[in-house]
>>> print(open('target00.csv').read())   # CSV, C-alpha atoms and all ligand atoms
chain,number,residue,atom,x,y,z
A,1,MET,CA,2.3,-26.7,11.2
A,2,GLU,CA,-1.5,-26.4,11.6
A,3,LEU,CA,-3.0,-23.5,13.4
A,4,ASP,CA,-6.7,-23.7,13.3
A,5,GLY,CA,-8.3,-20.9,11.5
A,6,GLU,CA,-4.9,-19.5,10.6
A,7,GLY,CA,-4.4,-21.2,7.3
A,8,PRO,CA,-2.5,-20.1,4.2
A,9,SER,CA,-4.5,-16.8,3.8
A,10,ARG,CA,-3.2,-15.5,7.1
A,11,ARG,CA,0.3,-16.4,6.2
A,12,ASP,CA,-0.1,-14.9,2.7
A,13,ASP,CA,-1.3,-11.6,4.3
A,14,ALA,CA,1.9,-11.4,6.4
A,15,LEU,CA,4.0,-12.2,3.4
A,16,LYS,CA,2.1,-9.6,1.3
A,17,ARG,CA,2.7,-6.9,4.0
A,18,ARG,CA,6.4,-7.8,4.1
A,19,LEU,CA,6.6,-7.5,0.3
A,20,MET,CA,4.8,-4.2,0.4
A,21,ASP,CA,7.2,-2.9,3.0
A,22,LEU,CA,10.1,-3.8,0.7
A,23,ILE,CA,8.3,-2.2,-2.3
A,24,LEU,CA,7.5,1.0,-0.5
A,25,SER,CA,11.0,1.3,0.9
A,26,GLY,CA,12.4,0.9,-2.6
A,27,GLU,CA,14.4,-2.2,-1.7
A,28,LEU,CA,12.3,-4.4,-4.0
A,29,GLN,CA,11.9,-3.0,-7.5
A,30,GLU,CA,12.2,-6.1,-9.7
A,31,LEU,CA,11.8,-9.8,-8.9
A,32,THR,CA,13.4,-12.2,-11.5
A,33,PRO,CA,13.1,-15.9,-10.9
A,34,VAL,CA,16.2,-18.0,-10.8
A,35,PHE,CA,16.4,-21.6,-11.9
A,36,ASP,CA,17.1,-24.1,-9.2
A,37,PRO,CA,17.6,-27.7,-10.4
A,38,ASP,CA,15.7,-29.0,-7.4
A,39,VAL,CA,12.6,-26.9,-7.4
A,40,GLY,CA,12.6,-25.3,-10.9
A,41,PHE,CA,12.1,-21.5,-11.3
A,42,THR,CA,11.9,-19.8,-7.9
A,43,TYR,CA,11.7,-16.3,-6.5
A,44,CYS,CA,12.9,-17.3,-3.1
A,45,PRO,CA,16.7,-16.8,-3.3
A,46,PRO,CA,16.4,-13.1,-4.4
A,47,LEU,CA,13.9,-12.5,-1.6
A,48,ARG,CA,16.0,-14.3,0.9
A,49,ASP,CA,18.7,-11.7,0.2
A,50,LEU,CA,16.2,-9.1,1.3
A,51,GLY,CA,15.4,-10.9,4.5
A,52,VAL,CA,12.3,-12.8,3.5
A,53,LEU,CA,13.0,-16.3,4.7
A,54,ASP,CA,9.6,-18.0,4.4
A,55,CYS,CA,8.2,-17.6,0.9
A,56,GLU,CA,5.5,-20.1,1.0
A,57,GLY,CA,2.4,-18.9,-0.9
A,58,LEU,CA,4.6,-16.3,-2.7
A,59,GLU,CA,3.4,-16.9,-6.2
A,60,GLU,CA,-0.2,-16.3,-5.2
A,61,VAL,CA,0.8,-13.1,-3.5
A,62,LEU,CA,2.8,-12.0,-6.5
A,63,ARG,CA,-0.2,-12.6,-8.8
A,64,GLU,CA,-2.4,-10.6,-6.3
A,65,LEU,CA,0.0,-7.7,-6.4
A,66,ALA,CA,0.0,-7.8,-10.2
A,67,ARG,CA,-3.9,-7.8,-10.2
A,68,GLU,CA,-3.8,-4.8,-7.9
A,69,GLY,CA,-1.6,-2.9,-10.4
A,70,ILE,CA,1.4,-2.7,-8.0
A,71,LEU,CA,3.5,-5.2,-10.0
A,72,ARG,CA,3.7,-5.7,-13.7
A,73,ALA,CA,4.3,-9.3,-14.8
A,74,GLU,CA,6.6,-9.7,-17.8
A,75,LEU,CA,7.2,-13.1,-19.5
A,76,HIS,CA,10.5,-14.4,-18.5
A,77,ASP,CA,10.5,-18.0,-19.8
A,78,ASN,CA,8.2,-20.7,-20.9
A,79,ILE,CA,8.9,-24.2,-19.6
A,80,ALA,CA,7.3,-27.7,-20.0
A,81,VAL,CA,6.4,-29.6,-16.9
A,82,CYS,CA,4.9,-33.0,-16.1
A,83,GLY,CA,1.3,-33.0,-17.0
A,84,ARG,CA,0.4,-34.9,-13.9
A,85,CYS,CA,2.4,-33.4,-11.0
A,86,GLY,CA,3.9,-30.2,-12.5
A,87,SER,CA,7.5,-31.2,-11.9
A,88,HIS,CA,10.1,-29.7,-14.2
A,89,ARG,CA,12.4,-32.7,-13.6
A,90,LEU,CA,11.9,-34.7,-16.8
A,91,VAL,CA,14.1,-37.4,-18.2
A,92,ILE,CA,13.9,-37.4,-22.0
A,93,ARG,CA,13.4,-40.9,-23.5
A,94,PRO,CA,13.6,-41.2,-27.3
A,95,VAL,CA,11.5,-44.1,-28.7
A,96,CYS,CA,10.7,-45.6,-32.0
A,97,PRO,CA,7.7,-43.7,-33.4
A,98,TYR,CA,6.2,-46.9,-34.9
A,99,CYS,CA,6.3,-49.4,-32.1
A,100,GLY,CA,7.5,-47.4,-29.0
A,101,SER,CA,10.6,-49.5,-28.6
A,102,VAL,CA,13.8,-47.9,-27.2
A,103,ASN,CA,15.8,-50.5,-29.1
A,104,PHE,CA,16.9,-48.5,-32.1
A,105,ARG,CA,20.2,-47.1,-33.5
A,106,ARG,CA,21.5,-44.5,-35.8
A,107,THR,CA,22.5,-45.8,-39.2
A,108,THR,CA,23.0,-45.0,-42.9
A,109,VAL,CA,20.6,-46.4,-45.4
A,110,ILE,CA,21.3,-47.6,-48.9
A,111,GLU,CA,18.6,-47.8,-51.5
A,112,HIS,CA,19.5,-50.1,-54.5
A,113,LEU,CA,17.7,-48.4,-57.4
A,114,ALA,CA,18.0,-51.5,-59.7
A,115,CYS,CA,15.9,-53.8,-57.5
A,116,GLY,CA,14.3,-51.3,-55.1
A,117,TYR,CA,15.7,-52.8,-51.9
A,118,SER,CA,16.8,-50.5,-49.1
A,119,GLY,CA,18.6,-51.4,-45.9
A,120,PRO,CA,21.4,-50.4,-43.6
A,121,GLU,CA,24.7,-49.7,-45.2
A,122,THR,CA,26.4,-52.4,-43.1
A,123,ASP,CA,24.3,-55.1,-44.9
A,124,PHE,CA,25.8,-54.1,-48.2
A,125,ARG,CA,29.4,-54.0,-47.2
A,126,THR,CA,31.5,-57.1,-47.8
A,127,PRO,CA,34.9,-57.9,-46.1
A,128,SER,CA,36.7,-56.9,-49.3
A,129,GLY,CA,35.2,-53.4,-49.1
A,130,GLU,CA,32.9,-53.9,-52.1
A,131,MET,CA,29.2,-53.0,-51.9
A,132,ILE,CA,26.9,-55.9,-52.8
A,133,CYS,CA,23.1,-55.8,-52.6
A,134,PRO,CA,22.0,-58.5,-50.1
A,135,LYS,CA,18.7,-58.9,-52.0
A,136,CYS,CA,19.6,-59.2,-55.7
A,137,GLY,CA,23.4,-59.9,-55.2
A,138,LYS,CA,24.5,-57.3,-57.8
A,139,ARG,CA,27.5,-55.1,-57.1
A,140,LEU,CA,26.7,-51.4,-56.5
A,141,ARG,CA,28.5,-49.1,-58.9
A,142,ALA,CA,28.0,-45.3,-58.4
A,143,ILE,CA,26.1,-43.3,-55.9
A,144,GLY,CA,23.2,-41.4,-57.5
A,145,VAL,CA,23.4,-43.7,-60.6
A,146,ASP,CA,22.3,-47.1,-59.3
A,147,TYR,CA,22.0,-46.5,-55.6
A,148,LEU,CA,21.2,-43.7,-53.0
A,149,ARG,CA,22.7,-43.2,-49.6
A,150,THR,CA,20.9,-41.4,-46.7
A,151,ALA,CA,22.9,-40.8,-43.6
A,152,ASP,CA,21.6,-40.2,-40.0
A,153,VAL,CA,18.4,-42.2,-40.1
A,154,TYR,CA,17.3,-44.5,-37.2
A,155,LEU,CA,16.5,-48.1,-37.6
A,156,CYS,CA,14.3,-49.9,-35.0
A,157,SER,CA,15.7,-53.3,-34.1
A,158,ASP,CA,12.3,-54.5,-32.9
A,159,CYS,CA,10.0,-53.5,-35.8
A,160,GLY,CA,12.6,-52.9,-38.5
A,161,GLU,CA,11.3,-49.5,-39.5
A,162,PHE,CA,13.5,-46.6,-40.5
A,163,PHE,CA,12.8,-43.1,-39.2
A,164,SER,CA,14.5,-39.7,-39.3
A,165,LEU,CA,13.5,-38.6,-35.8
A,166,PRO,CA,12.6,-40.7,-32.8
A,167,GLU,CA,9.6,-39.7,-30.8
A,168,LEU,CA,10.4,-38.2,-27.4
A,169,LYS,CA,8.8,-39.3,-24.2
A,170,PHE,CA,9.3,-37.3,-21.0
A,171,LEU,CA,9.6,-39.4,-17.9
A,172,CYS,CA,8.8,-37.5,-14.7
A,173,ALA,CA,11.5,-38.0,-12.2
A,174,ASP,CA,9.0,-37.1,-9.4
A,175,CYS,CA,5.8,-39.0,-10.1
A,176,GLY,CA,7.0,-41.5,-12.7
A,177,LYS,CA,4.5,-40.5,-15.4
A,178,GLU,CA,5.7,-41.0,-19.0
A,179,ASN,CA,4.5,-37.9,-20.7
A,180,SER,CA,4.1,-37.6,-24.5
A,181,PHE,CA,4.8,-34.1,-25.7
A,182,LYS,CA,1.1,-33.4,-25.7
A,183,ASP,CA,0.8,-34.6,-22.1
A,184,LEU,CA,3.2,-31.9,-20.9
A,185,ARG,CA,2.0,-28.7,-19.4
A,186,ILE,CA,3.5,-25.4,-20.7
A,187,VAL,CA,4.1,-23.0,-17.9
A,188,ARG,CA,4.7,-19.3,-18.4
A,189,VAL,CA,7.3,-18.0,-16.0
A,190,TYR,CA,7.1,-14.3,-15.2
A,191,ARG,CA,9.4,-11.7,-13.7
A,192,TYR,CA,7.7,-8.9,-11.8
A,193,LYS,CA,8.5,-5.2,-11.9
A,194,VAL,CA,7.2,-2.6,-9.5
A,195,ILE,CA,5.0,0.1,-11.2
A,196,PRO,CA,6.5,3.4,-9.9
A,197,GLU,CA,3.4,5.6,-10.5
A,198,LYS,CA,1.3,3.2,-8.5
A,199,ILE,CA,3.8,3.3,-5.6
A,200,ARG,CA,3.9,7.1,-5.7
A,201,SER,CA,0.1,7.2,-5.3
A,202,LEU,CA,0.2,4.6,-2.5
A,203,GLU,CA,2.9,6.6,-0.7
A,204,GLU,CA,0.8,9.7,-1.1
A,205,ALA,CA,-2.2,7.9,0.3
A,206,ASN,CA,-0.1,6.8,3.3
A,207,LEU,CA,1.2,10.3,3.8
A,208,LEU,CA,-2.3,11.8,3.7
A,209,ASN,CA,-3.7,9.1,6.1
A,210,GLU,CA,-0.8,9.8,8.5
A,211,LEU,CA,-1.4,13.5,8.2
A,212,ALA,CA,-5.2,13.1,8.9
A,213,SER,CA,-4.5,11.0,12.1
A,214,ARG,CA,-1.9,13.5,13.3
A,215,ILE,CA,-4.4,16.4,12.9
A,216,ARG,CA,-7.1,14.4,14.7
A,217,GLU,CA,-4.7,14.0,17.6
A,218,LEU,CA,-4.8,17.8,18.0
A,219,GLY,CA,-8.5,17.5,18.8
A,220,LEU,CA,-9.7,18.8,15.5
A,221,LEU,CA,-12.3,17.2,13.2
A,222,VAL,CA,-10.8,16.1,9.8
A,223,GLU,CA,-12.7,15.2,6.7
A,224,GLY,CA,-10.7,13.5,4.0
A,225,PRO,CA,-8.4,12.7,2.3
A,226,GLY,CA,-10.8,13.8,-0.4
A,227,ALA,CA,-13.4,16.1,1.3
A,228,LYS,CA,-16.2,18.3,-0.1
A,229,VAL,CA,-17.6,21.4,1.4
A,230,ARG,CA,-20.7,23.2,0.1
A,231,GLY,CA,-19.5,26.7,-0.9
A,232,VAL,CA,-21.4,30.0,-0.5
A,233,SER,CA,-22.1,29.7,-4.2
A,234,GLY,CA,-23.9,26.4,-3.6
A,235,ILE,CA,-21.2,24.5,-5.5
A,236,GLY,CA,-19.5,21.6,-3.8
A,237,GLN,CA,-15.8,22.4,-3.5
A,238,GLY,CA,-13.3,19.6,-3.2
A,239,PHE,CA,-10.2,19.7,-1.0
A,240,THR,CA,-7.7,17.2,0.3
A,241,PHE,CA,-8.9,18.0,3.9
A,242,VAL,CA,-11.6,20.1,5.5
A,243,ILE,CA,-10.7,20.8,9.1
A,244,LYS,CA,-13.2,21.9,11.7
A,245,SER,CA,-13.2,22.7,15.4
A,246,PRO,CA,-15.7,20.7,17.4
A,247,GLY,CA,-19.0,22.7,17.6
A,248,GLU,CA,-17.9,25.2,14.9
A,249,PRO,CA,-20.0,25.3,11.8
A,250,ILE,CA,-17.5,27.2,9.8
A,251,PRO,CA,-14.4,25.2,8.7
A,252,LEU,CA,-11.3,26.2,10.5
A,253,ALA,CA,-9.3,25.4,7.4
A,254,VAL,CA,-9.4,23.9,4.0
A,255,VAL,CA,-6.2,22.1,3.0
A,256,ASP,CA,-4.9,21.0,-0.4
A,257,VAL,CA,-1.7,18.8,-0.4
A,258,VAL,CA,0.1,19.1,-3.7
A,259,PRO,CA,1.4,15.8,-4.9
A,260,ALA,CA,5.2,15.3,-5.2
A,261,GLY,CA,6.6,16.2,-8.6
A,262,ARG,CA,3.7,18.5,-9.5
A,263,GLN,CA,4.9,21.9,-10.8
A,264,LEU,CA,2.6,24.6,-9.4
A,265,LYS,CA,1.6,27.5,-11.6
A,266,GLU,CA,-0.1,30.8,-11.0
A,267,GLU,CA,-3.4,29.4,-12.3
A,268,ASP,CA,-3.3,26.7,-9.7
A,269,LEU,CA,-3.0,29.3,-6.9
A,270,LEU,CA,-5.9,31.3,-8.4
A,271,ARG,CA,-8.0,28.1,-8.7
A,272,PHE,CA,-7.3,27.2,-5.1
A,273,PHE,CA,-8.0,30.8,-3.9
A,274,ALA,CA,-11.4,30.7,-5.8
A,275,LYS,CA,-12.6,27.5,-4.2
A,276,ALA,CA,-11.2,28.3,-0.7
A,277,PHE,CA,-12.9,31.7,-0.8
A,278,ASP,CA,-16.2,30.0,-1.8
A,279,ALA,CA,-15.8,27.4,0.9
A,280,ASN,CA,-15.7,30.2,3.5
A,281,ALA,CA,-13.1,28.6,5.7
A,282,ARG,CA,-11.0,30.8,8.0
A,283,TYR,CA,-7.6,29.5,6.7
A,284,TRP,CA,-6.7,28.4,3.2
A,285,ILE,CA,-3.8,26.1,3.4
A,286,LEU,CA,-1.8,24.9,0.5
A,287,ALA,CA,0.9,22.4,1.4
A,288,LEU,CA,3.8,21.5,-0.9
A,289,PRO,CA,6.5,18.9,-0.5
A,290,THR,CA,8.9,21.4,-2.1
A,291,ARG,CA,9.8,25.1,-1.9
A,292,LEU,CA,8.0,27.6,-4.1
A,293,ASP,CA,9.7,30.4,-6.0
A,294,ASP,CA,9.6,33.9,-4.7
A,295,ARG,CA,7.2,35.2,-7.4
A,296,LEU,CA,4.6,32.5,-6.7
A,297,ARG,CA,5.0,32.9,-2.9
A,298,ASP,CA,4.1,36.6,-3.4
A,299,VAL,CA,1.1,35.7,-5.5
A,300,ALA,CA,-0.1,33.2,-2.8
A,301,GLY,CA,0.4,35.9,-0.2
A,302,ARG,CA,-1.7,38.4,-2.1
A,303,TYR,CA,-4.5,35.8,-2.4
A,304,GLY,CA,-4.5,35.2,1.3
A,305,ILE,CA,-3.3,31.6,0.9
A,306,THR,CA,-1.3,30.2,3.8
A,307,LEU,CA,1.6,28.3,2.2
A,308,VAL,CA,3.3,25.4,3.8
A,309,GLU,CA,6.6,24.8,2.0
A,310,SER,CA,8.6,21.7,3.0
A,311,THR,CA,11.6,19.7,2.1
A,312,GLY,CA,9.8,16.5,1.6
A,313,GLN,CA,6.8,14.4,2.7
A,314,GLU,CA,7.7,13.9,6.4
A,315,ASP,CA,8.6,17.5,6.8
A,316,LEU,CA,5.3,18.4,5.2
A,317,VAL,CA,3.4,16.4,7.7
A,318,GLU,CA,5.3,18.0,10.6
A,319,LYS,CA,4.8,21.5,9.3
A,320,VAL,CA,1.1,21.2,8.6
A,321,VAL,CA,0.5,19.7,12.0
A,322,GLN,CA,2.5,22.5,13.6
A,323,LEU,CA,0.6,25.2,11.7
A,324,LEU,CA,-2.8,23.7,12.6
A,325,ARG,CA,-1.7,23.5,16.2
A,326,ASP,CA,-0.8,27.2,16.2
A,327,LEU,CA,-4.0,28.1,14.4
A,328,ALA,CA,-6.2,26.1,16.8
A,329,PHE,CA,-4.5,27.7,19.7
A,330,LYS,CA,-4.8,31.2,18.2
A,331,GLU,CA,-8.5,30.6,17.5
A,332,ARG,CA,-9.2,29.5,21.0
A,333,LEU,CA,-7.4,32.5,22.4
A,334,LEU,CA,-9.5,34.8,20.2
A,335,GLU,CA,-12.7,33.1,21.4
A,336,GLU,CA,-11.6,33.6,25.0
A,337,ASP,CA,-10.9,37.3,24.3
A,338,HIS,CA,-14.3,37.7,22.8
A,339,SER,CA,-16.1,36.0,25.6
A,340,TYR,CA,-14.1,37.5,28.4
A,341,PRO,CA,-16.0,40.9,28.7
A,342,GLU,CA,-19.3,39.2,28.7
A,343,ARG,CA,-18.6,37.1,31.8
B,401,ZN,ZN,9.9,-50.0,-33.8
B,402,ZN,ZN,19.4,-55.2,-55.4
B,403,ZN,ZN,5.1,-35.9,-12.6
>>> encode(input="target00.csv", output="structure tokens", more="lines below")
Ligand SMILES: [Zn+2]
Ligand SMILES: [Zn+2]
Ligand SMILES: [Zn+2]
Amino acid sequence: MELDGEGPSRRDDALKRRLMDLILSGELQELTPVFDPDVGFTYCPPLRDLGVLDCEGLEEVLRELAREGILRAELHDNIAVCGRCGSHRLVIRPVCPYCGSVNFRRTTVIEHLACGYSGPETDFRTPSGEMICPKCGKRLRAIGVDYLRTADVYLCSDCGEFFSLPELKFLCADCGKENSFKDLRIVRVYRYKVIPEKIRSLEEANLLNELASRIRELGLLVEGPGAKVRGVSGIGQGFTFVIKSPGEPIPLAVVDVVPAGRQLKEEDLLRFFAKAFDANARYWILALPTRLDDRLRDVAGRYGITLVESTGQEDLVEKVVQLLRDLAFKERLLEEDHSYPER
């Protein structure tokens, strides 16, 4: 199927998004290739189980996700493939290392020490069961004394050479190339594991972006995720968000969102208080994806920090949006109260 301008890269993008959805939802945590006799190592069957039916371009997407630090590649296997076409379907063909003939057989070799002749054992055997040297005609007496016997050697019927191991050729069942061992390509096969820390930070970025757009929907101006405001001290103070009302020079609120899994301490509250105070915003909001203990909640209250405690990330978004909606409403009411007598 050819769609002009929508080549492999467009399809790869769709596949990558699909994989990212599976990764972020936790459904895909590890991808181990399985060996399929027809196609070799493949990641498609485990993905098919997760609903990904078209996995063309998958390996490039997996390498990309590994480069981006989302997946970690671990060596799973090492296989030899055809040096010309990359097929794993190789037929092993043993040949004589001297002349390349396939016409050889396994035999046992006798070396007659008395005359120095060596040849296959069958040439020494007589119908009576005696062993006679075919070169000098003497009878062999005792192994290790006047002759040596070496089992499991190969004798080439074409060139007459003995050898202990045949040379192996690898005939490609797909393109027909006869590969020597050196012609083969060694392919490293990887399994991929999701890196949880990276996913957590991606999830947090998603959460913060969602929160920012929800706050904008309230009609407020949002700087961030990652905003700086120049404090009264002249120092730039960093917050997750700085929120302003249109036309208002003083920030309505500075907001820090505490990452999941981070244990808040009293010093953290003090540090937040210090920079929020310096930033001269009306509200100092500290949003947590958990609940805070009573003692720290008291401390936050004494510092004038507005706490948003929640039961998780989605709840956090809802509660921060709700709070800002209330604050914006309250601020507008105050403005109306102030301006009313002057009308
Ligand atoms: Zn040979
Ligand atoms: Zn002899
Ligand atoms: Zn091939």
>>> atom_distance(input="target00.csv", atom1="CA of Val39 in chain A", atom2="CA of Gly86 in chain A")
10.6 Å
>>> residues_around(input="target00.csv", residues="His112 in chain A", least_positions_apart="3", cutoff="12 Å", atoms="only C-alpha atoms", output="MDAnalysis selection string")
chainID A and resid 109 115:121 123:124 131:150
>>> residues_near_ligand(input="target00.csv", ligand="ligand ZN 401 (chain B)", cutoff="12 Å", atoms="all atoms listed in the file", output="PyMOL selection string")
chain A and resi 94-105+154-163+166-167
>>> write_last_selection(input="target00.csv", atoms="C-alpha atoms", output="PDB file, keeping the file's coordinate frame")
ATOM      1  CA  PRO A  94      13.600 -41.200 -27.300  1.00  0.00           C
ATOM      2  CA  VAL A  95      11.500 -44.100 -28.700  1.00  0.00           C
ATOM      3  CA  CYS A  96      10.700 -45.600 -32.000  1.00  0.00           C
ATOM      4  CA  PRO A  97       7.700 -43.700 -33.400  1.00  0.00           C
ATOM      5  CA  TYR A  98       6.200 -46.900 -34.900  1.00  0.00           C
ATOM      6  CA  CYS A  99       6.300 -49.400 -32.100  1.00  0.00           C
ATOM      7  CA  GLY A 100       7.500 -47.400 -29.000  1.00  0.00           C
ATOM      8  CA  SER A 101      10.600 -49.500 -28.600  1.00  0.00           C
ATOM      9  CA  VAL A 102      13.800 -47.900 -27.200  1.00  0.00           C
ATOM     10  CA  ASN A 103      15.800 -50.500 -29.100  1.00  0.00           C
ATOM     11  CA  PHE A 104      16.900 -48.500 -32.100  1.00  0.00           C
ATOM     12  CA  ARG A 105      20.200 -47.100 -33.500  1.00  0.00           C
ATOM     13  CA  TYR A 154      17.300 -44.500 -37.200  1.00  0.00           C
ATOM     14  CA  LEU A 155      16.500 -48.100 -37.600  1.00  0.00           C
ATOM     15  CA  CYS A 156      14.300 -49.900 -35.000  1.00  0.00           C
ATOM     16  CA  SER A 157      15.700 -53.300 -34.100  1.00  0.00           C
ATOM     17  CA  ASP A 158      12.300 -54.500 -32.900  1.00  0.00           C
ATOM     18  CA  CYS A 159      10.000 -53.500 -35.800  1.00  0.00           C
ATOM     19  CA  GLY A 160      12.600 -52.900 -38.500  1.00  0.00           C
ATOM     20  CA  GLU A 161      11.300 -49.500 -39.500  1.00  0.00           C
ATOM     21  CA  PHE A 162      13.500 -46.600 -40.500  1.00  0.00           C
ATOM     22  CA  PHE A 163      12.800 -43.100 -39.200  1.00  0.00           C
ATOM     23  CA  PRO A 166      12.600 -40.700 -32.800  1.00  0.00           C
ATOM     24  CA  GLU A 167       9.600 -39.700 -30.800  1.00  0.00           C
TER      25      GLU A 167
END
>>> closest_residue(input="target00.csv", among="A:Pro289, A:Gly26, A:Gly226, A:Gly69", to="Pro259 in chain A", atoms="only C-alpha atoms")
A:Pro289
>>> closest_residue(input="target00.csv", among="A:Arg93, A:Arg48, A:Lys16, A:His88", to="Glu60 in chain A", atoms="only C-alpha atoms")
A:Lys16
>>> atom_distance(input="target00.csv", atom1="CA of Tyr303 in chain A", atom2="CA of Leu264 in chain A")
15.0 Å
>>> atom_distance(input="target00.csv", atom1="CA of Leu296 in chain A", atom2="CA of Ala205 in chain A")
26.5 Å
>>> residues_around(input="target00.csv", residues="Ala227 in chain A", least_positions_apart="6", cutoff="7 Å", atoms="all atoms listed in the file", output="list in words")
Gly238, Phe239, Thr240, Phe241 and Val242 of chain A
>>> residues_around(input="target00.csv", residues="Cys172 in chain A", least_positions_apart="2", cutoff="9 Å", atoms="only C-alpha atoms", output="compact mmCIF listing (two decimals) with C-alpha atoms, keeping the file's coordinate frame")
# COMPACT_ATOMS: atom_id res chain seq x y z
CA VAL A 81 6.40 -29.60 -16.90
CA CYS A 82 4.90 -33.00 -16.10
CA ARG A 84 0.40 -34.90 -13.90
CA CYS A 85 2.40 -33.40 -11.00
CA SER A 87 7.50 -31.20 -11.90
CA HIS A 88 10.10 -29.70 -14.20
CA ARG A 89 12.40 -32.70 -13.60
CA LEU A 90 11.90 -34.70 -16.80
CA VAL A 91 14.10 -37.40 -18.20
CA ILE A 92 13.90 -37.40 -22.00
CA PHE A 170 9.30 -37.30 -21.00
CA ASP A 174 9.00 -37.10 -9.40
CA CYS A 175 5.80 -39.00 -10.10
CA GLY A 176 7.00 -41.50 -12.70
CA LYS A 177 4.50 -40.50 -15.40
CA GLU A 178 5.70 -41.00 -19.00
CA ASN A 179 4.50 -37.90 -20.70
>>> closest_residue(input="target00.csv", among="A:Val187, A:Asp21, A:Ile110, A:Glu64", to="ligand ZN 402 (chain B)", atoms="all atoms listed in the file")
A:Ile110
>>> closest_residue(input="target00.csv", among="A:Glu314, A:Asp49, A:Asp183, A:Glu27", to="ligand ZN 403 (chain B)", atoms="all atoms listed in the file")
A:Asp183
>>> closest_residue(input="target00.csv", among="A:Cys44, A:Leu211, A:Ile305, A:Ile199", to="Leu24 in chain A", atoms="all atoms listed in the file")
A:Ile199
>>> residues_near_point(input="target00.csv", point="(19.7, -38.3, -38.9)", cutoff="9 Å", atoms="all atoms listed in the file", output="VMD selection string")
chain A and resid 106 to 108 150 to 154 163 to 165
>>> build_atoms(input="target00.csv", residues="range 319-330 of chain A", atoms="N, CA and C atoms", output="PDB file, keeping the file's coordinate frame")
ATOM      1  N   LYS A 319       5.098  20.099   9.383  1.00  0.00           N
ATOM      2  CA  LYS A 319       4.800  21.500   9.300  1.00  0.00           C
ATOM      3  C   LYS A 319       3.331  21.817   9.253  1.00  0.00           C
ATOM      4  N   VAL A 320       2.547  20.966   8.585  1.00  0.00           N
ATOM      5  CA  VAL A 320       1.100  21.200   8.600  1.00  0.00           C
ATOM      6  C   VAL A 320       0.520  20.998   9.958  1.00  0.00           C
ATOM      7  N   VAL A 321       0.995  19.971  10.657  1.00  0.00           N
ATOM      8  CA  VAL A 321       0.500  19.700  12.000  1.00  0.00           C
ATOM      9  C   VAL A 321       0.853  20.910  12.921  1.00  0.00           C
ATOM     10  N   GLN A 322       2.087  21.369  12.799  1.00  0.00           N
ATOM     11  CA  GLN A 322       2.500  22.500  13.600  1.00  0.00           C
ATOM     12  C   GLN A 322       1.671  23.747  13.330  1.00  0.00           C
ATOM     13  N   LEU A 323       1.426  23.997  12.058  1.00  0.00           N
ATOM     14  CA  LEU A 323       0.600  25.200  11.700  1.00  0.00           C
ATOM     15  C   LEU A 323      -0.781  25.073  12.251  1.00  0.00           C
ATOM     16  N   LEU A 324      -1.401  23.897  12.117  1.00  0.00           N
ATOM     17  CA  LEU A 324      -2.800  23.700  12.600  1.00  0.00           C
ATOM     18  C   LEU A 324      -2.829  23.843  14.122  1.00  0.00           C
ATOM     19  N   ARG A 325      -1.782  23.328  14.777  1.00  0.00           N
ATOM     20  CA  ARG A 325      -1.700  23.500  16.200  1.00  0.00           C
ATOM     21  C   ARG A 325      -1.731  24.947  16.610  1.00  0.00           C
ATOM     22  N   ASP A 326      -0.884  25.720  15.912  1.00  0.00           N
ATOM     23  CA  ASP A 326      -0.800  27.200  16.200  1.00  0.00           C
ATOM     24  C   ASP A 326      -2.129  27.846  15.899  1.00  0.00           C
ATOM     25  N   LEU A 327      -2.753  27.487  14.763  1.00  0.00           N
ATOM     26  CA  LEU A 327      -4.000  28.100  14.400  1.00  0.00           C
ATOM     27  C   LEU A 327      -5.117  27.821  15.382  1.00  0.00           C
ATOM     28  N   ALA A 328      -5.193  26.557  15.798  1.00  0.00           N
ATOM     29  CA  ALA A 328      -6.200  26.100  16.800  1.00  0.00           C
ATOM     30  C   ALA A 328      -6.034  26.891  18.064  1.00  0.00           C
ATOM     31  N   PHE A 329      -4.783  27.000  18.460  1.00  0.00           N
ATOM     32  CA  PHE A 329      -4.500  27.700  19.700  1.00  0.00           C
ATOM     33  C   PHE A 329      -4.879  29.161  19.601  1.00  0.00           C
ATOM     34  N   LYS A 330      -4.524  29.768  18.469  1.00  0.00           N
ATOM     35  CA  LYS A 330      -4.800  31.200  18.200  1.00  0.00           C
ATOM     36  C   LYS A 330      -6.360  31.392  18.230  1.00  0.00           C
TER      37      LYS A 330
END
